[in-house]
file entry-v9.cif (mmCIF, C-alpha atoms and all ligand atoms)
data_coords
loop_
_atom_site.label_atom_id
_atom_site.label_comp_id
_atom_site.auth_asym_id
_atom_site.auth_seq_id
_atom_site.Cartn_x
_atom_site.Cartn_y
_atom_site.Cartn_z
CA MET A 730 -118.62 -27.69 192.34
CA LYS A 731 -119.17 -30.86 194.33
CA LYS A 732 -116.61 -33.60 193.75
CA ARG A 733 -117.76 -36.99 192.54
CA SER A 734 -117.51 -39.24 195.59
CA VAL A 735 -116.80 -42.93 196.06
CA ASP A 736 -119.98 -45.04 196.15
CA ILE A 737 -118.67 -48.55 196.91
CA VAL A 738 -115.22 -50.09 197.39
CA VAL A 739 -115.45 -53.83 196.64
CA SER A 740 -112.88 -56.04 198.37
CA PRO A 741 -110.95 -58.63 196.36
CA ARG A 742 -113.33 -61.42 195.31
CA VAL A 743 -112.78 -65.16 195.68
CA PRO A 744 -111.31 -66.21 192.31
CA HIS A 745 -112.88 -68.92 190.17
CA PHE A 746 -111.77 -70.48 186.89
CA VAL A 747 -113.36 -69.70 183.52
CA GLY A 748 -112.37 -72.71 181.45
CA ASP A 749 -108.93 -73.72 182.67
CA GLY A 750 -107.09 -70.57 181.57
CA PHE A 751 -108.66 -67.61 183.34
CA ARG A 752 -108.54 -67.34 187.11
CA VAL A 753 -110.87 -64.43 187.65
CA GLN A 754 -112.51 -62.33 190.30
CA ASN A 755 -115.97 -61.29 189.16
CA PHE A 756 -116.84 -57.69 190.05
CA ILE A 757 -119.80 -57.09 187.70
CA PRO A 758 -122.50 -58.34 188.15
CA SER A 759 -121.91 -60.48 191.24
CA ALA A 760 -120.36 -58.01 193.69
CA TYR A 761 -122.70 -56.15 196.04
CA GLY A 762 -124.06 -53.02 194.34
CA LEU A 763 -122.54 -53.83 190.94
CA ASP A 764 -125.37 -55.53 189.06
CA MET A 765 -125.77 -55.08 185.31
CA GLN A 766 -128.18 -52.18 185.69
CA ALA A 767 -126.05 -50.38 188.29
CA MET A 768 -122.99 -50.34 186.00
CA ASP A 769 -124.90 -49.95 182.68
CA PRO A 770 -123.43 -50.08 179.97
CA PHE A 771 -120.85 -52.35 181.69
CA ILE A 772 -122.60 -55.67 182.27
CA MET A 773 -119.75 -58.02 183.21
CA LEU A 774 -116.24 -57.57 184.53
CA ASP A 775 -113.88 -60.46 185.22
CA TYR A 776 -110.39 -59.65 186.46
CA ASN A 777 -107.52 -62.14 186.40
CA ALA A 778 -104.98 -60.79 188.90
CA PRO A 779 -101.37 -61.89 188.23
CA PHE A 780 -101.24 -65.68 188.47
CA TYR A 781 -98.48 -68.09 187.50
CA PHE A 782 -99.44 -70.76 184.94
CA GLU A 783 -97.06 -73.72 184.49
CA ALA A 784 -95.65 -74.48 181.05
CA THR A 785 -97.87 -76.71 178.89
CA ASP A 786 -98.08 -77.91 175.28
CA THR A 787 -101.88 -77.70 175.46
CA PRO A 788 -102.83 -74.01 175.80
CA ARG A 789 -105.33 -73.33 178.57
CA GLY A 790 -108.48 -71.36 177.95
CA VAL A 791 -112.15 -71.55 177.05
CA ASP A 792 -113.34 -73.69 174.14
CA VAL A 793 -115.96 -72.72 171.56
CA HIS A 794 -118.91 -70.79 173.02
CA PRO A 795 -121.46 -68.24 171.73
CA HIS A 796 -122.17 -64.59 172.50
CA ARG A 797 -125.01 -62.34 171.34
CA GLY A 798 -126.14 -58.81 172.09
CA PHE A 799 -123.00 -57.12 173.41
CA GLU A 800 -119.22 -56.69 173.09
CA THR A 801 -116.39 -58.50 174.87
CA VAL A 802 -113.35 -56.34 175.59
CA THR A 803 -110.15 -58.11 176.63
CA ILE A 804 -107.30 -56.11 178.14
CA ALA A 805 -103.98 -57.98 178.57
CA PHE A 806 -101.71 -56.85 181.40
CA LYS A 807 -99.35 -59.87 181.39
CA GLY A 808 -99.20 -62.84 179.04
CA LYS A 809 -101.01 -63.20 175.72
CA VAL A 810 -104.52 -64.29 174.74
CA ALA A 811 -105.42 -65.82 171.36
CA HIS A 812 -108.92 -65.48 169.89
CA HIS A 813 -110.69 -67.22 166.97
CA ASP A 814 -114.31 -66.64 165.98
CA SER A 815 -116.93 -67.89 163.53
CA ALA A 816 -116.93 -64.53 161.71
CA GLY A 817 -113.42 -65.49 160.53
CA ASN A 818 -111.58 -63.10 162.82
CA SER A 819 -108.60 -64.12 164.86
CA GLY A 820 -105.86 -62.35 166.74
CA VAL A 821 -103.52 -62.36 169.69
CA VAL A 822 -103.88 -59.79 172.45
CA GLU A 823 -100.34 -59.00 173.53
CA GLU A 824 -99.23 -57.34 176.76
CA GLY A 825 -100.61 -53.81 176.79
CA GLY A 826 -102.99 -54.66 173.95
CA VAL A 827 -106.77 -54.75 173.73
CA GLN A 828 -109.25 -56.82 171.77
CA TRP A 829 -112.69 -55.36 171.21
CA MET A 830 -115.00 -58.08 169.89
CA THR A 831 -118.50 -57.01 168.90
CA ALA A 832 -120.59 -60.17 169.10
CA ALA A 833 -123.81 -58.28 168.20
CA SER A 834 -126.08 -60.74 166.29
CA GLY A 835 -123.88 -63.61 167.33
CA VAL A 836 -120.52 -65.33 167.09
CA LEU A 837 -118.94 -68.50 168.30
CA HIS A 838 -115.46 -67.94 169.60
CA LYS A 839 -112.70 -69.52 171.66
CA GLU A 840 -110.22 -67.80 173.92
CA TYR A 841 -106.89 -69.39 174.82
CA HIS A 842 -103.47 -68.54 176.13
CA GLU A 843 -101.29 -67.88 173.10
CA ARG A 844 -99.32 -71.03 172.17
CA GLU A 845 -95.77 -69.74 172.81
CA PHE A 846 -96.79 -68.16 176.11
CA ALA A 847 -98.42 -71.43 177.17
CA LYS A 848 -95.32 -73.40 176.17
CA ASN A 849 -93.07 -71.25 178.36
CA GLY A 850 -95.54 -70.67 181.18
CA GLY A 851 -95.49 -67.47 183.16
CA ILE A 852 -97.39 -64.77 184.95
CA PHE A 853 -100.76 -64.07 183.38
CA SER A 854 -103.02 -61.10 184.10
CA MET A 855 -105.94 -59.71 182.15
CA ALA A 856 -109.41 -58.22 182.41
CA GLN A 857 -112.51 -58.99 180.38
CA LEU A 858 -115.24 -56.37 180.27
CA TRP A 859 -118.62 -56.88 178.60
CA VAL A 860 -120.07 -53.72 177.11
CA ASN A 861 -123.79 -53.80 176.36
CA LEU A 862 -125.17 -52.74 172.99
CA PRO A 863 -128.30 -50.62 172.58
CA ALA A 864 -131.29 -52.50 171.11
CA LYS A 865 -130.77 -50.95 167.69
CA HIS A 866 -127.26 -52.49 167.43
CA LYS A 867 -127.81 -55.89 169.07
CA MET A 868 -128.47 -57.62 165.76
CA ASP A 869 -125.74 -55.84 163.76
CA PRO A 870 -123.13 -58.04 162.03
CA PRO A 871 -120.24 -59.08 164.30
CA LYS A 872 -117.03 -57.06 164.23
CA TYR A 873 -113.51 -57.37 165.58
CA GLN A 874 -111.01 -54.70 166.61
CA GLY A 875 -107.52 -55.60 167.78
CA TYR A 876 -105.08 -53.03 169.14
CA THR A 877 -101.47 -53.42 170.23
CA LYS A 878 -99.78 -51.39 172.94
CA GLU A 879 -98.37 -49.12 170.20
CA ASP A 880 -101.87 -48.38 168.81
CA ILE A 881 -103.02 -46.92 172.13
CA PRO A 882 -102.13 -43.23 172.58
CA VAL A 883 -100.69 -42.06 175.88
CA ALA A 884 -101.58 -38.76 177.52
CA CYS A 885 -99.14 -37.39 180.14
CA PRO A 886 -101.11 -34.79 182.13
CA SER A 887 -98.27 -34.39 184.64
CA GLU A 888 -94.85 -35.86 185.39
CA GLY A 889 -95.09 -39.54 186.31
CA VAL A 890 -98.71 -39.94 185.20
CA GLU A 891 -99.74 -41.75 182.00
CA VAL A 892 -103.30 -42.18 180.75
CA LYS A 893 -103.46 -44.80 177.98
CA VAL A 894 -106.65 -44.04 176.09
CA ILE A 895 -108.21 -47.26 174.74
CA ALA A 896 -111.64 -45.77 174.01
CA GLY A 897 -113.20 -42.35 174.37
CA SER A 898 -110.90 -39.45 175.12
CA PHE A 899 -108.79 -37.74 177.74
CA ASN A 900 -107.45 -34.17 177.47
CA GLY A 901 -108.25 -34.13 173.75
CA ILE A 902 -106.49 -37.43 173.01
CA SER A 903 -108.82 -40.06 171.53
CA GLY A 904 -108.50 -43.81 171.80
CA PRO A 905 -108.65 -46.09 168.74
CA ALA A 906 -111.59 -48.31 169.76
CA HIS A 907 -114.90 -47.62 168.07
CA THR A 908 -117.81 -47.80 170.52
CA HIS A 909 -121.60 -47.76 169.95
CA THR A 910 -122.36 -45.51 172.94
CA PRO A 911 -120.13 -42.96 174.73
CA ILE A 912 -117.48 -44.86 176.70
CA HIS A 913 -114.10 -43.94 178.14
CA LEU A 914 -111.71 -46.80 178.84
CA TYR A 915 -108.25 -45.99 180.20
CA ARG A 916 -105.29 -47.88 181.50
CA ILE A 917 -103.59 -45.53 183.97
CA GLU A 918 -99.99 -45.72 185.24
CA MET A 919 -98.90 -43.45 188.09
CA ASP A 920 -95.56 -43.06 189.83
CA VAL A 921 -95.51 -42.92 193.62
CA ALA A 922 -97.05 -39.76 195.13
CA THR A 923 -98.59 -38.38 191.97
CA SER A 924 -102.09 -37.11 191.34
CA LEU A 925 -104.57 -37.23 188.46
CA GLU A 926 -107.72 -35.17 187.95
CA LEU A 927 -110.53 -36.91 186.06
CA SER A 928 -113.97 -35.70 185.05
CA PHE A 929 -116.94 -37.43 183.43
CA PRO A 930 -120.60 -36.42 183.12
CA SER A 931 -122.26 -37.26 186.43
CA ASN A 932 -124.69 -39.78 184.90
CA TYR A 933 -121.81 -41.84 183.43
CA ASN A 934 -121.34 -45.02 185.47
CA THR A 935 -117.70 -45.10 186.45
CA GLY A 936 -115.51 -47.77 188.01
CA ILE A 937 -111.84 -48.48 188.63
CA ILE A 938 -109.90 -51.71 189.20
CA VAL A 939 -106.75 -51.21 191.28
CA VAL A 940 -104.54 -53.53 189.21
CA ASP A 941 -101.39 -52.67 191.13
CA GLY A 942 -100.47 -50.42 194.06
CA ILE A 943 -102.41 -48.31 196.54
CA VAL A 944 -104.49 -45.22 195.74
CA SER A 945 -106.84 -42.80 197.36
CA ILE A 946 -109.77 -40.95 195.79
CA ASN A 947 -110.25 -37.26 196.67
CA GLU A 948 -107.52 -37.67 199.35
CA GLY A 949 -109.70 -40.23 201.17
CA ASP A 950 -108.84 -43.64 202.64
CA ALA A 951 -106.17 -45.85 201.07
CA ILE A 952 -107.57 -48.41 198.62
CA GLU A 953 -105.35 -51.40 197.91
CA VAL A 954 -104.60 -53.70 195.01
CA ASP A 955 -107.40 -55.97 193.64
CA HIS A 956 -110.17 -53.69 194.89
CA TYR A 957 -112.89 -52.31 192.61
CA ILE A 958 -114.10 -48.77 193.13
CA ARG A 959 -117.56 -47.73 191.96
CA MET A 960 -117.80 -43.95 191.84
CA ALA A 961 -121.10 -42.33 192.81
CA ASN A 962 -123.16 -40.35 190.29
CA ASP A 963 -123.14 -37.22 192.46
CA GLY A 964 -120.65 -35.04 190.61
CA GLU A 965 -118.23 -34.96 187.71
CA ALA A 966 -114.62 -34.37 188.74
CA PHE A 967 -112.55 -36.37 191.20
CA SER A 968 -108.89 -36.91 191.95
CA VAL A 969 -106.81 -40.07 192.16
CA ASN A 970 -103.69 -39.98 194.33
CA SER A 971 -101.03 -42.69 194.28
CA LYS A 972 -99.49 -43.95 197.51
CA THR A 973 -97.18 -46.30 195.57
CA LYS A 974 -96.49 -46.99 191.93
CA VAL A 975 -99.95 -47.71 190.56
CA THR A 976 -101.73 -49.35 187.62
CA LEU A 977 -105.48 -48.81 187.21
CA LEU A 978 -108.13 -49.80 184.70
CA LEU A 979 -110.84 -47.15 184.51
CA MET A 980 -114.18 -47.40 182.73
CA SER A 981 -116.83 -44.67 182.44
CA GLY A 982 -119.87 -44.86 180.22
CA GLU A 983 -123.22 -43.29 179.49
CA PRO A 984 -126.00 -45.66 180.62
CA ILE A 985 -128.00 -47.16 177.76
CA GLY A 986 -131.09 -47.15 179.97
CA GLU A 987 -132.88 -50.07 178.31
CA PRO A 988 -134.22 -53.25 179.96
CA ILE A 989 -131.65 -56.04 180.32
CA ALA A 990 -132.54 -59.72 179.86
CA ALA A 991 -129.45 -61.85 180.39
CA GLN A 992 -128.75 -65.54 180.39
CA GLY A 993 -125.20 -66.88 180.24
CA PRO A 994 -123.56 -65.64 177.03
CA PHE A 995 -126.67 -63.83 175.72
CA VAL A 996 -127.65 -60.31 176.79
CA MET A 997 -130.78 -58.95 175.15
CA ASN A 998 -133.71 -56.67 176.10
CA THR A 999 -136.47 -59.27 176.58
CA LYS A 1000 -136.89 -62.92 177.65
CA ALA A 1001 -138.36 -63.71 174.21
CA GLU A 1002 -135.12 -62.48 172.59
CA ILE A 1003 -133.11 -64.74 174.93
CA MET A 1004 -135.26 -67.72 173.89
CA GLN A 1005 -134.71 -66.77 170.25
CA ALA A 1006 -130.93 -66.58 170.82
CA MET A 1007 -130.97 -70.11 172.30
CA ARG A 1008 -132.99 -71.46 169.38
CA ASP A 1009 -130.67 -69.77 166.88
CA PHE A 1010 -127.63 -71.18 168.69
CA TYR A 1011 -128.99 -74.76 168.73
CA GLU A 1012 -130.01 -74.43 165.08
CA GLY A 1013 -126.43 -73.52 164.14
CA LYS A 1014 -127.21 -69.92 163.13
CA PHE A 1015 -124.14 -68.56 164.93
CA GLY A 1016 -121.92 -70.17 162.29
CA HIS A 1017 -119.22 -72.78 162.76
CA LEU A 1018 -115.91 -72.91 164.51
CA ASN A 1019 -113.68 -75.90 165.12
MN MN B 1 -116.18 -65.39 175.27
#
call {"tool": "encode", "arguments": {"input": "entry-v9.cif", "output": "C-alpha cells"}}
result
Amino acid sequence: MKKRSVDIVVSPRVPHFVGDGFRVQNFIPSAYGLDMQAMDPFIMLDYNAPFYFEATDTPRGVDVHPHRGFETVTIAFKGKVAHHDSAGNSGVVEEGGVQWMTAASGVLHKEYHEREFAKNGGIFSMAQLWVNLPAKHKMDPPKYQGYTKEDIPVACPSEGVEVKVIAGSFNGISGPAHTHTPIHLYRIEMDVATSLELSFPSNYNTGIIVVDGIVSINEGDAIEVDHYIRMANDGEAFSVNSKTKVTLLLMSGEPIGEPIAAQGPFVMNTKAEIMQAMRDFYEGKFGHLN
C-alpha cells in the first residue's frame, strides 16, 4: 500500500510574544498551507521553543481572557504553567504534563508561569494546541482535565523509541485525555538512529513539530528542529527515522468538516454565533475571574 507522504515542511517561524510569558512560533493557522480548515480539527498551534526567562517575582503570562467553542491543550516540555479559570478550575502543568481545557460555552482564564519557576527563572518550552469542537458540543459546559507526566502511558514499540500517548491510542495503549472527536496526540522520544512506524486513517489531518533533533520521514530528506511537518492525506502508514536524539509532538485527528467562523478567542460555525459570543462576553456571561 502507498505510504503517506509529506505534504509541507514549514520552516521555523519568527517568534512573537503572547502576553509577556509565551514566546511562540505560530504554525496553525498562519503558516502557508496550515489554515484552520486544512488542519481541521486542529485550529491553532503555538510553539514556544526553549527560551530562557530571567528570574522575577511577578510571574509572566497572559492575563484574564475568554474562550468559546473549542479546547485549549497545553503541553509543557520545560518549565511550568499555572492556569485559573472562571469555572473554578485551576492547576499547574508540570514538565511532561498536559492540560486539556474545554472552553465550550465559555470561560475566562489566565495562564502564567508557575510562581516558583518564575522566581528561579529558567528554560521554558511548551506548545498550545486548539482543538475545535463539533457544533453539537460548542455550547456544552466547560471542563478541565489535568495530567502529570506519570498519568501519561508510554508505549515502547522498539528499543530506544517511546510513544507517550496523551490522547487516542497507539499499539493498543490509550491516553488519558477525553476528546469529543477522534484524536491522537503523542509526545515521541527517539534515540539516535531509531525508527518508528505510524499509521492513521488517510483522512485524518496529521502534523508533527520537531521539538528536538533531526528526523526524516519515509527515509526522505533531513528535517531539523523547530520545523512543522504536515503529512499529506494520500495514505495511512509512514515511518519516522531519527538522525539524532529526537523529541516530537504528533497530532492526528478526524476532520470535523463543519464551517469555521473564528475571531480572536472565539471559534464558532457562523458569524452570528461570533457576534453572540462577543455580546455574551461583554455582558459578563462568561463568569468572573480576578
Ligand atoms: Mn487562553
call {"tool": "residues_near_ligand", "arguments": {"input": "entry-v9.cif", "ligand": "ligand MN 1 (chain B)", "cutoff": "8 Å", "atoms": "all atoms listed in the file", "output": "list in words"}}
result
Val791, His794, Pro795, His796, Thr801, His838, Lys839, Glu840 and Pro994 of chain A
call {"tool": "write_last_selection", "arguments": {"input": "entry-v9.cif", "atoms": "C-alpha atoms", "output": "short mmCIF file (atom, residue, chain, number, x, y, z; two decimals), in the frame of the given file"}}
result
data_model
loop_
_atom_site.label_atom_id
_atom_site.label_comp_id
_atom_site.auth_asym_id
_atom_site.auth_seq_id
_atom_site.Cartn_x
_atom_site.Cartn_y
_atom_site.Cartn_z
CA VAL A 791 -112.15 -71.55 177.05
CA HIS A 794 -118.91 -70.79 173.02
CA PRO A 795 -121.46 -68.24 171.73
CA HIS A 796 -122.17 -64.59 172.50
CA THR A 801 -116.39 -58.50 174.87
CA HIS A 838 -115.46 -67.94 169.60
CA LYS A 839 -112.70 -69.52 171.66
CA GLU A 840 -110.22 -67.80 173.92
CA PRO A 994 -123.56 -65.64 177.03
#
call {"tool": "atom_distance", "arguments": {"input": "entry-v9.cif", "atom1": "atom CA of Asn932 of chain A", "atom2": "atom CA of Asn962 of chain A"}}
result
5.6 Å
call {"tool": "closest_residue", "arguments": {"input": "entry-v9.cif", "among": "A:Val793, A:Val969, A:Leu837, A:Val883", "to": "Val921 of chain A", "atoms": "only C-alpha atoms"}}
result
A:Val969
call {"tool": "atom_distance", "arguments": {"input": "entry-v9.cif", "atom1": "atom CA of Ser854 of chain A", "atom2": "atom CA of Ile772 of chain A"}}
result
20.4 Å
call {"tool": "closest_residue", "arguments": {"input": "entry-v9.cif", "among": "A:Leu763, A:Ile737, A:Ala811, A:Ile989", "to": "Phe799 of chain A", "atoms": "all atoms listed in the file"}}
result
A:Ile989
call {"tool": "residues_around", "arguments": {"input": "entry-v9.cif", "residues": "segment 970-979 of chain A", "least_positions_apart": "3", "cutoff": "10 Å", "atoms": "only C-alpha atoms", "output": "PDB file with C-alpha atoms, in the frame of the given file"}}
result
ATOM      1  CA  ILE A 804    -107.300 -56.110 178.140  1.00  0.00           C
ATOM      2  CA  PHE A 806    -101.710 -56.850 181.400  1.00  0.00           C
ATOM      3  CA  ALA A 856    -109.410 -58.220 182.410  1.00  0.00           C
ATOM      4  CA  GLY A 889     -95.090 -39.540 186.310  1.00  0.00           C
ATOM      5  CA  VAL A 890     -98.710 -39.940 185.200  1.00  0.00           C
ATOM      6  CA  GLU A 891     -99.740 -41.750 182.000  1.00  0.00           C
ATOM      7  CA  VAL A 892    -103.300 -42.180 180.750  1.00  0.00           C
ATOM      8  CA  LYS A 893    -103.460 -44.800 177.980  1.00  0.00           C
ATOM      9  CA  VAL A 894    -106.650 -44.040 176.090  1.00  0.00           C
ATOM     10  CA  HIS A 913    -114.100 -43.940 178.140  1.00  0.00           C
ATOM     11  CA  LEU A 914    -111.710 -46.800 178.840  1.00  0.00           C
ATOM     12  CA  TYR A 915    -108.250 -45.990 180.200  1.00  0.00           C
ATOM     13  CA  ARG A 916    -105.290 -47.880 181.500  1.00  0.00           C
ATOM     14  CA  ILE A 917    -103.590 -45.530 183.970  1.00  0.00           C
ATOM     15  CA  GLU A 918     -99.990 -45.720 185.240  1.00  0.00           C
ATOM     16  CA  MET A 919     -98.900 -43.450 188.090  1.00  0.00           C
ATOM     17  CA  ASP A 920     -95.560 -43.060 189.830  1.00  0.00           C
ATOM     18  CA  VAL A 921     -95.510 -42.920 193.620  1.00  0.00           C
ATOM     19  CA  ALA A 922     -97.050 -39.760 195.130  1.00  0.00           C
ATOM     20  CA  THR A 923     -98.590 -38.380 191.970  1.00  0.00           C
ATOM     21  CA  SER A 924    -102.090 -37.110 191.340  1.00  0.00           C
ATOM     22  CA  LEU A 925    -104.570 -37.230 188.460  1.00  0.00           C
ATOM     23  CA  GLU A 926    -107.720 -35.170 187.950  1.00  0.00           C
ATOM     24  CA  THR A 935    -117.700 -45.100 186.450  1.00  0.00           C
ATOM     25  CA  GLY A 936    -115.510 -47.770 188.010  1.00  0.00           C
ATOM     26  CA  ILE A 937    -111.840 -48.480 188.630  1.00  0.00           C
ATOM     27  CA  ILE A 938    -109.900 -51.710 189.200  1.00  0.00           C
ATOM     28  CA  VAL A 939    -106.750 -51.210 191.280  1.00  0.00           C
ATOM     29  CA  VAL A 940    -104.540 -53.530 189.210  1.00  0.00           C
ATOM     30  CA  ASP A 941    -101.390 -52.670 191.130  1.00  0.00           C
ATOM     31  CA  GLY A 942    -100.470 -50.420 194.060  1.00  0.00           C
ATOM     32  CA  ILE A 943    -102.410 -48.310 196.540  1.00  0.00           C
ATOM     33  CA  VAL A 944    -104.490 -45.220 195.740  1.00  0.00           C
ATOM     34  CA  SER A 945    -106.840 -42.800 197.360  1.00  0.00           C
ATOM     35  CA  ILE A 946    -109.770 -40.950 195.790  1.00  0.00           C
ATOM     36  CA  ASN A 947    -110.250 -37.260 196.670  1.00  0.00           C
ATOM     37  CA  GLU A 948    -107.520 -37.670 199.350  1.00  0.00           C
ATOM     38  CA  GLY A 949    -109.700 -40.230 201.170  1.00  0.00           C
ATOM     39  CA  ALA A 951    -106.170 -45.850 201.070  1.00  0.00           C
ATOM     40  CA  ILE A 952    -107.570 -48.410 198.620  1.00  0.00           C
ATOM     41  CA  GLU A 953    -105.350 -51.400 197.910  1.00  0.00           C
ATOM     42  CA  VAL A 954    -104.600 -53.700 195.010  1.00  0.00           C
ATOM     43  CA  ASP A 955    -107.400 -55.970 193.640  1.00  0.00           C
ATOM     44  CA  TYR A 957    -112.890 -52.310 192.610  1.00  0.00           C
ATOM     45  CA  ILE A 958    -114.100 -48.770 193.130  1.00  0.00           C
TER      46      ILE A 958
END
